[in-house]
$ cat entry30.cif   # mmCIF, C-alpha atoms
data_data
#
loop_
_atom_site.group_PDB
_atom_site.id
_atom_site.type_symbol
_atom_site.label_atom_id
_atom_site.label_comp_id
_atom_site.auth_asym_id
_atom_site.auth_seq_id
_atom_site.Cartn_x
_atom_site.Cartn_y
_atom_site.Cartn_z
ATOM 1 C CA MET I 1 67.645 18.692 227.152
ATOM 2 C CA GLU I 2 70.412 19.451 229.627
ATOM 3 C CA GLU I 3 68.718 17.408 232.333
ATOM 4 C CA GLY I 4 68.186 14.509 229.916
ATOM 5 C CA LEU I 5 71.851 14.394 228.970
ATOM 6 C CA GLY I 6 73.249 14.399 232.493
ATOM 7 C CA PHE I 7 75.703 11.850 233.818
ATOM 8 C CA SER I 8 72.972 10.073 235.778
ATOM 9 C CA ASN I 9 70.969 9.667 232.601
ATOM 10 C CA PHE I 10 73.943 8.074 230.865
ATOM 11 C CA LEU I 11 74.347 5.617 233.732
ATOM 12 C CA ALA I 12 70.621 4.834 233.664
ATOM 13 C CA GLN I 13 70.890 3.747 230.021
ATOM 14 C CA ILE I 14 73.754 1.303 230.575
ATOM 15 C CA ASP I 15 72.748 -2.329 230.181
ATOM 16 C CA GLY I 16 74.156 -5.363 231.964
ATOM 17 C CA VAL I 17 77.304 -5.537 229.824
ATOM 18 C CA GLY I 18 78.015 -1.850 230.311
ATOM 19 C CA ILE I 19 77.502 -2.143 234.065
ATOM 20 C CA SER I 20 79.899 -5.101 234.170
ATOM 21 C CA VAL I 21 82.540 -3.086 232.314
ATOM 22 C CA LEU I 22 82.019 -0.114 234.619
ATOM 23 C CA VAL I 23 82.269 -2.243 237.765
ATOM 24 C CA LEU I 24 85.408 -3.957 236.457
ATOM 25 C CA LEU I 25 87.099 -0.634 235.715
ATOM 26 C CA LEU I 26 86.153 0.798 239.101
ATOM 27 C CA SER I 27 87.404 -2.370 240.824
ATOM 28 C CA LEU I 28 90.739 -2.187 238.994
ATOM 29 C CA SER I 29 91.037 1.484 239.881
ATOM 30 C CA ALA I 30 90.277 0.889 243.571
ATOM 31 C CA ALA I 31 92.688 -2.058 243.782
ATOM 32 C CA SER I 32 95.526 -0.249 241.992
ATOM 33 C CA TRP I 33 95.144 2.930 244.057
ATOM 34 C CA TYR I 34 95.051 0.869 247.256
ATOM 35 C CA LEU I 35 98.310 -0.838 246.276
ATOM 36 C CA ILE I 36 99.864 2.463 245.197
ATOM 37 C CA PHE I 37 99.164 4.092 248.562
ATOM 38 C CA THR I 38 100.061 1.098 250.725
ATOM 39 C CA LYS I 39 103.258 0.236 248.838
ATOM 40 C CA SER I 40 104.355 3.884 248.791
ATOM 41 C CA ILE I 41 103.952 4.132 252.557
ATOM 42 C CA ALA I 42 105.599 0.744 253.112
ATOM 43 C CA ASN I 43 108.544 1.672 250.877
ATOM 44 C CA TYR I 44 109.041 4.962 252.712
ATOM 45 C CA ILE I 45 109.013 3.229 256.104
ATOM 46 C CA ALA I 46 111.335 0.481 254.851
ATOM 47 C CA LYS I 47 113.845 3.023 253.519
ATOM 48 C CA LYS I 48 113.838 5.002 256.755
ATOM 49 C CA ARG I 49 114.333 1.869 258.862
ATOM 50 C CA ALA I 50 117.074 0.589 256.556
ATOM 51 C CA ASP I 51 118.927 3.895 256.685
ATOM 52 C CA ASP I 52 118.751 3.893 260.490
ATOM 53 C CA PHE I 53 119.993 0.309 260.662
ATOM 54 C CA LEU I 54 122.864 0.867 258.226
ATOM 55 C CA LYS I 55 123.935 3.950 260.156
ATOM 56 C CA HIS I 56 123.993 1.866 263.346
ATOM 57 C CA PHE I 57 125.642 -1.109 261.611
ATOM 58 C CA TRP I 58 128.629 0.853 260.365
ATOM 59 C CA SER I 59 129.051 2.695 263.654
ATOM 60 C CA VAL I 60 129.538 -0.378 265.886
ATOM 61 C CA ASP I 61 132.920 -1.880 266.691
ATOM 62 C CA SER I 62 132.323 -5.494 265.624
ATOM 63 C CA LEU I 63 129.841 -7.987 264.232
ATOM 64 C CA GLN I 64 129.419 -9.316 267.757
ATOM 65 C CA ASP I 65 127.890 -5.973 268.731
ATOM 66 C CA VAL I 66 125.573 -6.203 265.721
ATOM 67 C CA LYS I 67 124.588 -9.731 266.736
ATOM 68 C CA VAL I 68 123.773 -8.616 270.270
ATOM 69 C CA SER I 69 121.709 -5.739 268.916
ATOM 70 C CA LEU I 70 119.791 -7.999 266.535
ATOM 71 C CA ASN I 71 119.149 -10.581 269.246
ATOM 72 C CA ASN I 72 117.667 -7.905 271.494
ATOM 73 C CA SER I 73 115.162 -6.771 268.868
ATOM 74 C CA THR I 74 113.260 -8.196 265.921
ATOM 75 C CA PRO I 75 114.673 -7.107 262.523
ATOM 76 C CA ASN I 76 112.291 -4.586 260.967
ATOM 77 C CA ASN I 77 113.893 -4.178 257.558
ATOM 78 C CA ALA I 78 115.512 -6.256 254.819
ATOM 79 C CA PHE I 79 119.080 -5.190 255.676
ATOM 80 C CA ALA I 80 118.727 -6.139 259.340
ATOM 81 C CA GLU I 81 117.114 -9.443 258.413
ATOM 82 C CA LEU I 82 119.909 -10.224 255.966
ATOM 83 C CA ALA I 83 122.552 -9.354 258.551
ATOM 84 C CA LYS I 84 120.896 -11.592 261.124
ATOM 85 C CA GLN I 85 120.642 -14.486 258.673
ATOM 86 C CA GLY I 86 124.277 -14.152 257.633
ATOM 87 C CA ILE I 87 125.635 -13.873 261.177
ATOM 88 C CA ASP I 88 123.467 -16.749 262.432
ATOM 89 C CA ALA I 89 124.520 -18.900 259.474
ATOM 90 C CA ALA I 90 128.190 -18.279 260.216
ATOM 91 C CA ALA I 91 127.710 -19.121 263.891
ATOM 92 C CA ASP I 92 125.752 -22.258 263.053
ATOM 93 C CA SER I 93 128.355 -23.391 260.535
ATOM 94 C CA ARG I 94 131.227 -22.894 262.976
ATOM 95 C CA LYS I 95 129.320 -24.771 265.670
ATOM 96 C CA HIS I 96 128.280 -27.807 263.644
ATOM 97 C CA GLY I 97 130.888 -27.737 260.886
ATOM 98 C CA SER I 98 130.085 -30.139 258.066
ATOM 99 C CA GLN I 99 127.865 -32.330 260.238
ATOM 100 C CA LYS I 100 124.810 -30.761 258.627
ATOM 101 C CA LEU I 101 124.174 -31.359 254.918
ATOM 102 C CA VAL I 102 123.325 -27.698 254.317
ATOM 103 C CA ALA I 103 126.814 -26.674 255.482
ATOM 104 C CA ALA I 104 128.688 -29.539 253.846
ATOM 105 C CA GLY I 105 130.206 -27.241 251.209
ATOM 106 C CA GLY I 106 131.975 -25.142 253.791
ATOM 107 C CA THR I 107 131.237 -21.979 255.714
ATOM 108 C CA SER I 108 131.713 -19.630 252.761
ATOM 109 C CA GLU I 109 129.394 -21.608 250.497
ATOM 110 C CA PHE I 110 126.813 -21.905 253.259
ATOM 111 C CA ILE I 111 126.812 -18.158 253.959
ATOM 112 C CA THR I 112 126.650 -17.439 250.227
ATOM 113 C CA ARG I 113 123.499 -19.542 249.882
ATOM 114 C CA VAL I 114 121.909 -17.924 252.928
ATOM 115 C CA LEU I 115 122.581 -14.400 251.654
ATOM 116 C CA ARG I 116 121.420 -15.259 248.151
ATOM 117 C CA ASN I 117 118.202 -16.761 249.504
ATOM 118 C CA GLY I 118 117.656 -13.671 251.640
ATOM 119 C CA ILE I 119 117.998 -11.401 248.603
ATOM 120 C CA ASP I 120 115.658 -13.622 246.582
ATOM 121 C CA GLN I 121 113.048 -13.541 249.335
ATOM 122 C CA GLU I 122 113.225 -9.750 249.489
ATOM 123 C CA ALA I 123 112.920 -9.547 245.689
ATOM 124 C CA THR I 124 109.781 -11.644 245.877
ATOM 125 C CA ARG I 125 108.368 -9.521 248.670
ATOM 126 C CA VAL I 126 108.904 -6.149 246.985
ATOM 127 C CA GLU I 127 107.305 -7.434 243.768
ATOM 128 C CA ASN I 128 104.109 -8.336 245.605
ATOM 129 C CA GLY I 129 101.165 -6.441 244.098
ATOM 130 C CA LEU I 130 103.023 -5.223 241.025
ATOM 131 C CA THR I 131 101.290 -7.811 238.832
ATOM 132 C CA LEU I 132 97.889 -6.332 239.613
ATOM 133 C CA ILE I 133 99.106 -2.772 238.999
ATOM 134 C CA ALA I 134 100.668 -3.826 235.693
ATOM 135 C CA SER I 135 97.489 -5.659 234.720
ATOM 136 C CA ALA I 136 95.397 -2.581 235.468
ATOM 137 C CA GLY I 137 97.717 -0.406 233.403
ATOM 138 C CA SER I 138 97.725 -2.729 230.416
ATOM 139 C CA ALA I 139 94.162 -4.076 230.453
ATOM 140 C CA ALA I 140 92.123 -1.006 231.476
ATOM 141 C CA PRO I 141 92.379 0.778 228.090
ATOM 142 C CA TYR I 142 91.136 -2.331 226.302
ATOM 143 C CA ILE I 143 88.318 -2.829 228.789
ATOM 144 C CA GLY I 144 87.340 0.809 228.288
ATOM 145 C CA LEU I 145 87.579 0.300 224.527
ATOM 146 C CA PHE I 146 85.206 -2.630 224.770
ATOM 147 C CA GLY I 147 82.751 -0.389 226.638
ATOM 148 C CA THR I 148 83.228 2.233 223.951
ATOM 149 C CA VAL I 149 82.436 -0.222 221.163
ATOM 150 C CA TRP I 150 79.408 -1.435 223.079
ATOM 151 C CA GLY I 151 78.140 2.130 223.517
ATOM 152 C CA ILE I 152 78.592 2.891 219.821
ATOM 153 C CA TYR I 153 76.739 -0.307 219.021
ATOM 154 C CA HIS I 154 73.828 0.952 221.120
ATOM 155 C CA ALA I 155 73.947 4.276 219.256
ATOM 156 C CA LEU I 156 73.701 2.465 215.921
ATOM 157 C CA ILE I 157 70.792 0.398 217.206
ATOM 158 C CA GLN I 158 68.994 3.600 218.232
ATOM 159 C CA ILE I 159 69.559 5.107 214.812
ATOM 160 C CA GLY I 160 68.324 1.951 213.110
ATOM 161 C CA LEU I 161 65.165 1.751 215.218
ATOM 162 C CA SER I 162 64.295 5.428 214.901
ATOM 163 C CA GLY I 163 65.367 5.834 211.302
ATOM 164 C CA GLN I 164 67.055 9.120 212.099
ATOM 165 C CA GLY I 165 70.327 10.054 213.788
ATOM 166 C CA THR I 166 69.032 12.846 215.990
ATOM 167 C CA LEU I 167 70.930 13.895 219.097
ATOM 168 C CA ASP I 168 68.323 12.668 221.526
ATOM 169 C CA LYS I 169 68.539 9.168 220.035
ATOM 170 C CA VAL I 170 72.308 8.777 220.098
ATOM 171 C CA ALA I 171 73.452 11.109 222.891
ATOM 172 C CA GLY I 172 72.985 8.483 225.611
ATOM 173 C CA PRO I 173 74.864 5.611 223.924
ATOM 174 C CA VAL I 174 77.604 7.900 222.606
ATOM 175 C CA GLY I 175 77.952 9.471 226.045
ATOM 176 C CA GLU I 176 78.232 5.967 227.509
ATOM 177 C CA ALA I 177 80.994 5.180 225.012
ATOM 178 C CA LEU I 178 82.949 8.330 225.863
ATOM 179 C CA ILE I 179 82.590 7.704 229.589
ATOM 180 C CA MET I 180 84.000 4.179 229.189
ATOM 181 C CA THR I 181 86.954 5.512 227.195
ATOM 182 C CA ALA I 182 87.700 8.150 229.829
ATOM 183 C CA LEU I 183 87.413 5.639 232.671
ATOM 184 C CA GLY I 184 89.752 3.212 230.931
ATOM 185 C CA LEU I 185 92.403 5.902 230.544
ATOM 186 C CA ALA I 186 91.846 7.184 234.087
ATOM 187 C CA VAL I 187 92.554 3.708 235.446
ATOM 188 C CA ALA I 188 95.486 2.917 233.147
ATOM 189 C CA ILE I 189 97.587 6.091 233.309
ATOM 190 C CA PRO I 190 98.166 6.208 237.110
ATOM 191 C CA ALA I 191 98.751 2.436 237.167
ATOM 192 C CA VAL I 192 101.424 2.593 234.456
ATOM 193 C CA LEU I 193 103.215 5.525 236.078
ATOM 194 C CA ALA I 194 103.109 3.841 239.503
ATOM 195 C CA TYR I 195 104.347 0.536 238.093
ATOM 196 C CA ASN I 196 107.352 2.175 236.444
ATOM 197 C CA ALA I 197 108.150 4.069 239.653
ATOM 198 C CA PHE I 198 107.938 0.916 241.790
ATOM 199 C CA VAL I 199 110.068 -1.114 239.378
ATOM 200 C CA ARG I 200 112.779 1.558 239.441
ATOM 201 C CA ARG I 201 112.648 1.763 243.234
ATOM 202 C CA ASN I 202 112.867 -2.014 243.589
ATOM 203 C CA ARG I 203 115.857 -2.187 241.237
ATOM 204 C CA ILE I 204 117.735 0.405 243.287
ATOM 205 C CA TRP I 205 116.653 -1.216 246.566
ATOM 206 C CA LEU I 206 117.858 -4.685 245.565
ATOM 207 C CA ALA I 207 121.122 -3.257 244.238
ATOM 208 C CA ARG I 208 121.752 -1.661 247.642
ATOM 209 C CA LEU I 209 120.844 -4.921 249.362
ATOM 210 C CA ASP I 210 123.220 -6.873 247.114
ATOM 211 C CA ALA I 211 126.055 -4.424 247.826
ATOM 212 C CA PHE I 212 125.390 -4.738 251.555
ATOM 213 C CA ALA I 213 125.379 -8.545 251.252
ATOM 214 C CA HIS I 214 128.799 -8.370 249.599
ATOM 215 C CA ASP I 215 130.202 -6.254 252.420
ATOM 216 C CA LEU I 216 128.567 -8.492 255.015
ATOM 217 C CA PHE I 217 129.993 -11.620 253.400
ATOM 218 C CA ILE I 218 133.517 -10.188 253.493
ATOM 219 C CA LEU I 219 133.140 -9.089 257.111
ATOM 220 C CA ILE I 220 131.868 -12.504 258.202
ATOM 221 C CA THR I 221 134.332 -14.667 256.289
ATOM 222 C CA VAL I 222 137.491 -12.567 256.426
ATOM 223 C CA GLY I 223 138.433 -14.175 259.719
ATOM 224 C CA ASP I 224 137.960 -17.699 258.345
ATOM 225 C CA ASN I 225 139.641 -17.273 254.956
ATOM 226 C CA ASN I 226 142.076 -14.503 255.646
ATOM 227 C CA ASN I 227 144.783 -16.238 253.675
ATOM 228 C CA ASN I 228 142.713 -16.651 250.524
ATOM 229 C CA PRO I 229 140.676 -13.519 249.815
ATOM 230 C CA GLY I 230 140.345 -14.413 246.139
ATOM 231 C CA THR I 231 138.305 -17.458 247.112
ATOM 232 C CA GLN I 232 135.947 -15.230 249.086
ATOM 233 C CA ALA I 233 135.236 -12.951 246.134
ATOM 234 C CA ALA I 234 134.786 -15.885 243.773
ATOM 235 C CA THR I 235 132.447 -17.604 246.187
ATOM 236 C CA TYR I 236 130.316 -14.532 246.760
ATOM 237 C CA SER I 237 129.966 -13.870 243.035
ATOM 238 C CA ASN I 238 127.746 -16.934 242.938
ATOM 239 C CA ILE I 239 125.044 -14.939 244.727
ATOM 240 C CA ASN I 240 124.216 -13.014 241.578
ATOM 241 C CA ARG I 241 124.668 -15.987 239.245
ATOM 242 C CA GLY I 242 122.441 -18.173 241.402
ATOM 243 C CA GLN I 243 124.968 -21.018 241.434
#
$ encode --input "entry30.cif" --output "structure tokens"
Amino acid sequence: MEEGLGFSNFLAQIDGVGISVLVLLLSLSAASWYLIFTKSIANYIAKKRADDFLKHFWSVDSLQDVKVSLNNSTPNNAFAELAKQGIDAAADSRKHGSQKLVAAGGTSEFITRVLRNGIDQEATRVENGLTLIASAGSAAPYIGLFGTVWGIYHALIQIGLSGQGTLDKVAGPVGEALIMTALGLAVAIPAVLAYNAFVRRNRIWLARLDAFAHDLFILITVGDNNNNPGTQAATYSNINRGQ
């Protein structure tokens, strides 16, 4: 009896629908765990690189030194990339003035758009993969429930064919149902916890990036609009409003 009720025996009794459900759950689990590991490592590396860059950024004497440093190496984090975009935009605007349509609104407006676009691009990048993790967390329990219902259906068929609800007739289908339920929860719980952790991290990360963009905007434009600081703050506030 113990050998007949083993896990391998349960798997041997699964039909095509049950196998499809099992493969789908295992695929969701593998994909979500892959994203959890890769995004966790990538987030750790990104934070370390950003901290190193910010420490260097605030230790230099001028933006010119930052520009030289960025030109000598490829930006490897969102803060360095945003700084490079902002500094290059300011230099390009001063060089060409309003000759280009993109800079027709003035240097401050041009830099504001560049910084806002940089933040939006980073927001899109950090959200990559979260849809799949969220889908695994929300859909896996229902997929497992479908497998559970299908296994119970098989148990009822066995009872109907045999005319008696003995353990040897229903143990396989019921075991299949319980396995599907457990697999659905095993896929969903880590995915939900990881999704919430990534969303919180991304919110904090983008808030830091937005604060840095504000400081960068002031540093870049203070020389151009030194006599009207209120205009600078009003212009930069458009970054968050998307205007």
$ resolve_selection --input "entry30.cif" --expression "the PyMOL selection byres ((chain I and resi 85) around 12)" --output "PyMOL selection string"
chain I and resi 66-67+70-71+75+78-84+86-93+110-119+213+216-217+220
$ resolve_selection --input "entry30.cif" --expression "the PyMOL selection byres ((chain I and resi 47) around 12)" --output "list in words"
Lys39, Ser40, Ile41, Ala42, Asn43, Tyr44, Ile45, Ala46, Lys48, Arg49, Ala50, Asp51, Asp52, Phe53, Leu54, Asn76, Asn77, Ala78, Phe79, Ala80, Arg201, Asn202, Ile204, Trp205, Leu206, Arg208 and Leu209 of chain I
$ closest_residue --input "entry30.cif" --among "I:Arg200, I:Val21, I:Leu219, I:Ile189" --to "Ile143 (chain I)" --atoms "only C-alpha atoms"
I:Val21
$ resolve_selection --input "entry30.cif" --expression "the PyMOL selection byres ((chain I and resi 27-34) around 8)" --output "list in words"
Val23, Leu24, Leu25, Leu26, Leu35, Ile36, Phe37, Thr38, Leu132, Ile133, Ala136, Ala140, Val187 and Ala191 of chain I
$ atom_distance --input "entry30.cif" --atom1 "CA of Gln121 (chain I)" --atom2 "CA of Asp61 (chain I)"
28.8 Å
$ residues_around --input "entry30.cif" --residues "Leu185 (chain I)" --least-positions-apart "4" --cutoff "9 Å" --atoms "only C-alpha atoms" --output "list in words"
Gly137, Ala140, Pro141, Gly144, Met180, Thr181, Ile189 and Pro190 of chain I
$ closest_residue --input "entry30.cif" --among "I:Leu156, I:Val199, I:Val149, I:Val222" --to "Leu130 (chain I)" --atoms "only C-alpha atoms"
I:Val199
$ atom_distance --input "entry30.cif" --atom1 "CA of Ala134 (chain I)" --atom2 "CA of Tyr195 (chain I)"
6.2 Å
$ atom_distance --input "entry30.cif" --atom1 "CA of Val17 (chain I)" --atom2 "CA of Thr148 (chain I)"
11.4 Å
$ closest_residue --input "entry30.cif" --among "I:Val192, I:Asn128, I:His154, I:Asp65" --to "Asp15 (chain I)" --atoms "only C-alpha atoms"
I:His154
$ closest_residue --input "entry30.cif" --among "I:Leu193, I:Ala177, I:Arg203, I:Phe198" --to "Leu22 (chain I)" --atoms "all atoms listed in the file"
I:Ala177
